[in-house]
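Structure file coords_18.csv (CSV, C-alpha atoms) is printed below.
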chain,number,residue,atom,x,y,z
A,11,MET,CA,81.3,157.4,62.5
A,12,ASN,CA,79.1,159.0,65.1
A,13,ARG,CA,80.1,158.5,68.8
A,14,ASN,CA,76.7,157.1,69.6
A,15,TRP,CA,77.1,154.3,67.1
A,16,ILE,CA,80.5,153.4,68.5
A,17,TRP,CA,79.1,153.1,72.0
A,18,ALA,CA,76.1,151.1,70.7
A,19,LEU,CA,78.6,148.8,68.9
A,20,ILE,CA,80.7,148.4,72.1
A,21,MET,CA,77.6,147.5,74.1
A,22,VAL,CA,76.4,145.0,71.6
A,23,VAL,CA,79.8,143.3,71.5
A,24,GLY,CA,79.9,143.3,75.3
A,25,LEU,CA,76.4,141.7,75.5
A,26,VAL,CA,77.4,139.0,73.0
A,27,ILE,CA,80.5,138.2,75.0
A,28,THR,CA,78.7,138.0,78.4
A,29,ASN,CA,76.0,135.8,76.9
A,30,ALA,CA,78.6,133.4,75.5
A,31,VAL,CA,80.4,133.3,78.9
A,32,THR,CA,77.0,132.6,80.7
A,33,ALA,CA,76.2,129.8,78.2
A,34,LEU,CA,79.6,128.2,78.8
A,35,VAL,CA,79.3,128.4,82.6
A,36,THR,CA,75.7,127.0,82.5
A,37,LYS,CA,76.9,124.1,80.2
A,38,SER,CA,79.6,123.2,82.7
A,39,VAL,CA,77.1,123.1,85.6
A,40,VAL,CA,74.2,121.3,83.9
A,41,ASP,CA,74.2,118.0,82.0
A,42,ASP,CA,72.6,117.6,78.5
A,43,ASP,CA,69.4,116.4,80.1
A,44,GLY,CA,69.1,119.6,82.2
A,45,GLU,CA,70.1,117.9,85.5
A,46,PRO,CA,72.9,119.4,87.6
A,47,ALA,CA,76.3,117.9,86.6
A,48,HIS,CA,78.2,116.0,89.3
A,49,SER,CA,80.9,118.6,89.5
A,50,LEU,CA,80.3,119.8,93.0
A,51,ILE,CA,83.7,118.4,93.9
A,52,ALA,CA,86.7,117.0,92.1
A,53,THR,CA,88.7,113.9,92.8
A,54,GLY,CA,91.1,114.8,95.6
A,55,GLY,CA,88.7,117.4,97.1
A,56,ASP,CA,87.9,117.6,100.8
A,57,PRO,CA,84.5,116.2,101.6
A,58,LEU,CA,84.3,118.2,104.8
A,59,GLY,CA,82.6,121.5,104.2
A,60,SER,CA,81.4,120.4,100.8
A,61,ALA,CA,77.9,119.7,99.5
A,62,CYS,CA,78.8,116.0,99.7
A,63,LEU,CA,78.0,116.0,103.4
A,64,ASN,CA,74.3,116.9,102.7
A,65,ASP,CA,73.4,113.4,101.4
A,66,PHE,CA,76.2,111.0,102.2
A,67,VAL,CA,75.4,107.4,103.2
A,68,THR,CA,77.5,104.6,104.5
A,69,ALA,CA,78.0,102.4,101.5
A,70,GLY,CA,80.2,99.9,103.3
A,71,LEU,CA,81.4,99.1,106.8
A,72,ALA,CA,84.0,96.8,108.3
A,73,ARG,CA,85.5,96.1,111.7
A,74,PRO,CA,88.6,93.9,112.1
A,75,GLU,CA,88.6,91.0,114.5
A,76,GLY,CA,89.1,92.5,118.0
A,77,GLY,CA,87.1,95.6,117.1
A,78,ALA,CA,90.0,98.1,117.4
A,79,PHE,CA,88.4,100.4,114.8
A,80,GLU,CA,85.7,100.6,112.1
A,81,LEU,CA,86.2,101.5,108.5
A,82,LYS,CA,83.3,103.3,106.6
A,83,LEU,CA,83.1,103.8,102.9
A,84,LEU,CA,81.0,106.9,102.5
A,85,TYR,CA,79.1,107.9,99.3
A,86,SER,CA,77.3,111.0,98.2
A,87,ALA,CA,74.9,110.7,95.3
A,88,ALA,CA,74.9,114.5,94.8
A,89,CYS,CA,78.6,114.6,94.4
A,90,ASN,CA,78.8,111.1,92.8
A,91,ALA,CA,81.8,110.6,95.0
A,92,ALA,CA,83.1,108.3,97.8
A,93,TRP,CA,85.6,108.7,100.6
A,94,ALA,CA,86.8,106.5,103.4
A,95,LYS,CA,86.8,107.2,107.2
A,96,VAL,CA,88.3,105.3,110.1
A,97,ASN,CA,87.1,105.7,113.7
A,98,ARG,CA,89.2,104.1,116.5
A,99,LEU,CA,87.0,102.3,118.9
A,100,ASP,CA,89.7,101.3,121.4
A,101,GLY,CA,90.5,104.9,122.6
A,102,ALA,CA,94.2,104.3,121.8
A,103,GLY,CA,94.8,107.1,119.4
A,104,TYR,CA,97.7,108.9,121.1
A,105,GLY,CA,101.1,107.5,120.0
A,106,GLU,CA,99.4,105.3,117.4
A,107,ARG,CA,98.8,105.5,113.6
A,108,ILE,CA,95.8,105.2,111.3
A,109,LYS,CA,96.2,104.4,107.6
A,110,VAL,CA,93.2,104.6,105.3
A,111,ALA,CA,92.7,104.5,101.5
A,112,VAL,CA,89.9,104.7,98.9
A,113,PHE,CA,90.5,103.5,95.3
A,114,GLN,CA,89.0,102.2,92.1
A,115,PHE,CA,88.6,98.4,92.3
A,116,ALA,CA,90.0,98.1,88.8
A,117,ASP,CA,93.1,100.3,89.5
A,118,PRO,CA,93.9,100.1,93.2
A,119,GLN,CA,97.2,101.9,92.9
A,120,GLY,CA,96.1,104.3,90.2
A,121,ARG,CA,96.3,108.1,90.0
A,122,THR,CA,92.8,108.5,91.6
A,123,ARG,CA,93.7,106.6,94.8
A,124,GLN,CA,93.2,108.8,97.8
A,125,TRP,CA,94.8,108.0,101.2
A,126,ALA,CA,95.6,109.4,104.6
A,127,ASP,CA,98.3,108.4,107.1
A,128,GLU,CA,97.7,110.0,110.5
A,129,LEU,CA,99.5,109.9,113.9
A,130,ASN,CA,98.0,110.6,117.3
A,131,VAL,CA,94.4,110.7,116.2
A,132,ASP,CA,91.2,108.8,116.9
A,133,GLN,CA,89.9,109.2,113.4
A,134,ALA,CA,91.1,109.9,109.9
A,135,TYR,CA,89.5,110.2,106.4
A,136,THR,CA,90.5,110.4,102.8
A,137,MET,CA,89.7,112.9,100.1
A,138,VAL,CA,87.0,112.0,97.6
A,139,ILE,CA,87.1,110.0,94.4
A,140,VAL,CA,84.5,111.2,91.9
A,141,ARG,CA,83.0,108.3,89.9
A,142,GLN,CA,83.4,108.8,86.2
A,143,ASP,CA,81.2,105.9,85.3
A,144,PRO,CA,78.3,104.5,87.3
A,145,THR,CA,79.8,101.0,86.9
A,146,ASP,CA,83.0,102.0,88.7
A,147,ARG,CA,83.5,100.0,91.9
A,148,LEU,CA,85.2,102.0,94.6
A,149,CYS,CA,86.8,100.3,97.6
A,150,ALA,CA,88.4,101.2,100.9
A,151,THR,CA,90.9,99.6,103.2
A,152,ALA,CA,92.5,100.7,106.5
A,153,SER,CA,94.8,99.7,109.3
A,154,VAL,CA,95.7,101.0,112.7
A,155,SER,CA,98.7,100.4,114.9
A,156,ARG,CA,98.3,99.0,118.4
A,157,GLY,CA,101.7,99.3,119.9
A,158,PRO,CA,104.2,97.4,117.7
A,159,ASP,CA,101.3,95.6,115.9
A,160,GLU,CA,99.2,96.7,113.0
A,161,VAL,CA,95.6,95.6,112.8
A,162,ALA,CA,94.2,95.7,109.2
A,163,ILE,CA,91.0,95.1,107.3
A,164,GLU,CA,91.8,91.9,105.4
A,165,GLN,CA,89.4,92.4,102.5
A,166,PRO,CA,88.6,95.8,101.0
A,167,VAL,CA,85.1,97.2,101.6
A,168,CYS,CA,83.6,98.0,98.2
A,169,MET,CA,80.5,99.5,96.7

Same coordinates, now as structure tokens:
Amino acid sequence: MNRNWIWALIMVVGLVITNAVTALVTKSVVDDDGEPAHSLIATGGDPLGSACLNDFVTAGLARPEGGAFELKLLYSAACNAAWAKVNRLDGAGYGERIKVAVFQFADPQGRTRQWADELNVDQAYTMVIVRQDPTDRLCATASVSRGPDEVAIEQPVCM
């Protein structure tokens, strides 16, 4: 076989392989209807520094009696994901603790549950949960310590 034919065959095989890889990558990024897939971030991913910060909204908000802190359930439509954030309002972060969690309403202790337990801070947030189904309800809860006492959100904030 002529050397030119061997090189031509190698180039054709290489072209077929690169086209197949491109098709697979494109399929993983675009849904069947041609819209971008909600795979900008995975469950457990950090929302800070991600595309989720470009369009997030506050989907739920709660403050416990006494107003020591506020709990926000944040949602990004682009990422189809939610996460929870706590901001202390009492300025008593040093020596205190914040606990915050986001979870599926139907499975509060399930494998997708994301949580944070932080000491000596004024705010804390969870990693994201990506919704697998548009009917999934996502909820958040939180508590902060105030000396020996713990102040908690009594009912989860849900979306």

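Proximity of A:Ala52, A:Gln142, A:Thr122, A:Ala150 to A:Ala162, computed with only C-alpha atoms, is greatest for A:Ala150.
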
message = Within 10 Å of (95.6, 109.7, 102.7) (file coordinates; all atoms listed in the file), which protein or nucleic acid residues are there? I'd like them as number ranges by chain.
response = A: 54, 94, 108-112, 123-128, 134-137

Could the residues in this selection be written to a file with C-alpha atoms, as a PDB file, in the coordinates of the input?
ATOM      1  CA  GLY A  54      91.100 114.800  95.600  1.00  0.00           C
ATOM      2  CA  ALA A  94      86.800 106.500 103.400  1.00  0.00           C
ATOM      3  CA  ILE A 108      95.800 105.200 111.300  1.00  0.00           C
ATOM      4  CA  LYS A 109      96.200 104.400 107.600  1.00  0.00           C
ATOM      5  CA  VAL A 110      93.200 104.600 105.300  1.00  0.00           C
ATOM      6  CA  ALA A 111      92.700 104.500 101.500  1.00  0.00           C
ATOM      7  CA  VAL A 112      89.900 104.700  98.900  1.00  0.00           C
ATOM      8  CA  ARG A 123      93.700 106.600  94.800  1.00  0.00           C
ATOM      9  CA  GLN A 124      93.200 108.800  97.800  1.00  0.00           C
ATOM     10  CA  TRP A 125      94.800 108.000 101.200  1.00  0.00           C
ATOM     11  CA  ALA A 126      95.600 109.400 104.600  1.00  0.00           C
ATOM     12  CA  ASP A 127      98.300 108.400 107.100  1.00  0.00           C
ATOM     13  CA  GLU A 128      97.700 110.000 110.500  1.00  0.00           C
ATOM     14  CA  ALA A 134      91.100 109.900 109.900  1.00  0.00           C
ATOM     15  CA  TYR A 135      89.500 110.200 106.400  1.00  0.00           C
ATOM     16  CA  THR A 136      90.500 110.400 102.800  1.00  0.00           C
ATOM     17  CA  MET A 137      89.700 112.900 100.100  1.00  0.00           C
TER      18      MET A 137
END

At a cut-off of 9 Å, using only C-alpha atoms, what residues contact stretch 67-71 of chain A? Leave out same-chain residues fewer than 5 positions from it and give the result as a PDB file with C-alpha atoms, in the coordinates of the input.
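Output saved as out_17.pdb:
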ATOM      1  CA  GLU A  80      85.700 100.600 112.100  1.00  0.00           C
ATOM      2  CA  LEU A  81      86.200 101.500 108.500  1.00  0.00           C
ATOM      3  CA  LYS A  82      83.300 103.300 106.600  1.00  0.00           C
ATOM      4  CA  LEU A  83      83.100 103.800 102.900  1.00  0.00           C
ATOM      5  CA  LEU A  84      81.000 106.900 102.500  1.00  0.00           C
ATOM      6  CA  TYR A  85      79.100 107.900  99.300  1.00  0.00           C
ATOM      7  CA  SER A  86      77.300 111.000  98.200  1.00  0.00           C
ATOM      8  CA  ALA A  87      74.900 110.700  95.300  1.00  0.00           C
ATOM      9  CA  ALA A  92      83.100 108.300  97.800  1.00  0.00           C
ATOM     10  CA  CYS A 149      86.800 100.300  97.600  1.00  0.00           C
ATOM     11  CA  ALA A 150      88.400 101.200 100.900  1.00  0.00           C
ATOM     12  CA  VAL A 167      85.100  97.200 101.600  1.00  0.00           C
ATOM     13  CA  CYS A 168      83.600  98.000  98.200  1.00  0.00           C
ATOM     14  CA  MET A 169      80.500  99.500  96.700  1.00  0.00           C
TER      15      MET A 169
END

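Straight-line separation from atom CA of A:Trp93 to atom CA of A:Leu58: 10.5 Å.
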
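What separates atom CA of A:Gln165 from atom CA of A:Thr145 is a distance of 20.2 Å.
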
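Proximity ranking of A:Val96, A:Ile163, A:Ala102, A:Ala91 relative to A:Asp146 places A:Ala91 first, based on all atoms listed in the file.
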
key: Residues within 8 Å of A:Tyr104, only C-alpha atoms, excluding chain neighbours under 5 positions, as number ranges by chain   = A: 129-132

Requested write-out: C-alpha atoms of the selected residues, as an mmCIF file, keeping the file's coordinate frame:
data_model
loop_
_atom_site.group_PDB
_atom_site.id
_atom_site.type_symbol
_atom_site.label_atom_id
_atom_site.label_comp_id
_atom_site.auth_asym_id
_atom_site.auth_seq_id
_atom_site.Cartn_x
_atom_site.Cartn_y
_atom_site.Cartn_z
ATOM 1 C CA LEU A 129 99.500 109.900 113.900
ATOM 2 C CA ASN A 130 98.000 110.600 117.300
ATOM 3 C CA VAL A 131 94.400 110.700 116.200
ATOM 4 C CA ASP A 132 91.200 108.800 116.900
#

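Here atom CA of A:Glu106 stands at a distance of 13.7 Å from atom CA of A:Ala152.
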
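For the choices A:Gly76, A:Gly101, A:Pro118, A:Gly59, the atom-to-atom distance to A:Val161 is smallest for A:Gly76 when using all atoms listed in the file.
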
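Shortest separation to A:Pro166 among A:Ala78, A:Asn90, A:Phe115, A:Leu63 occurs at residue A:Phe115, atoms counted being only C-alpha atoms.
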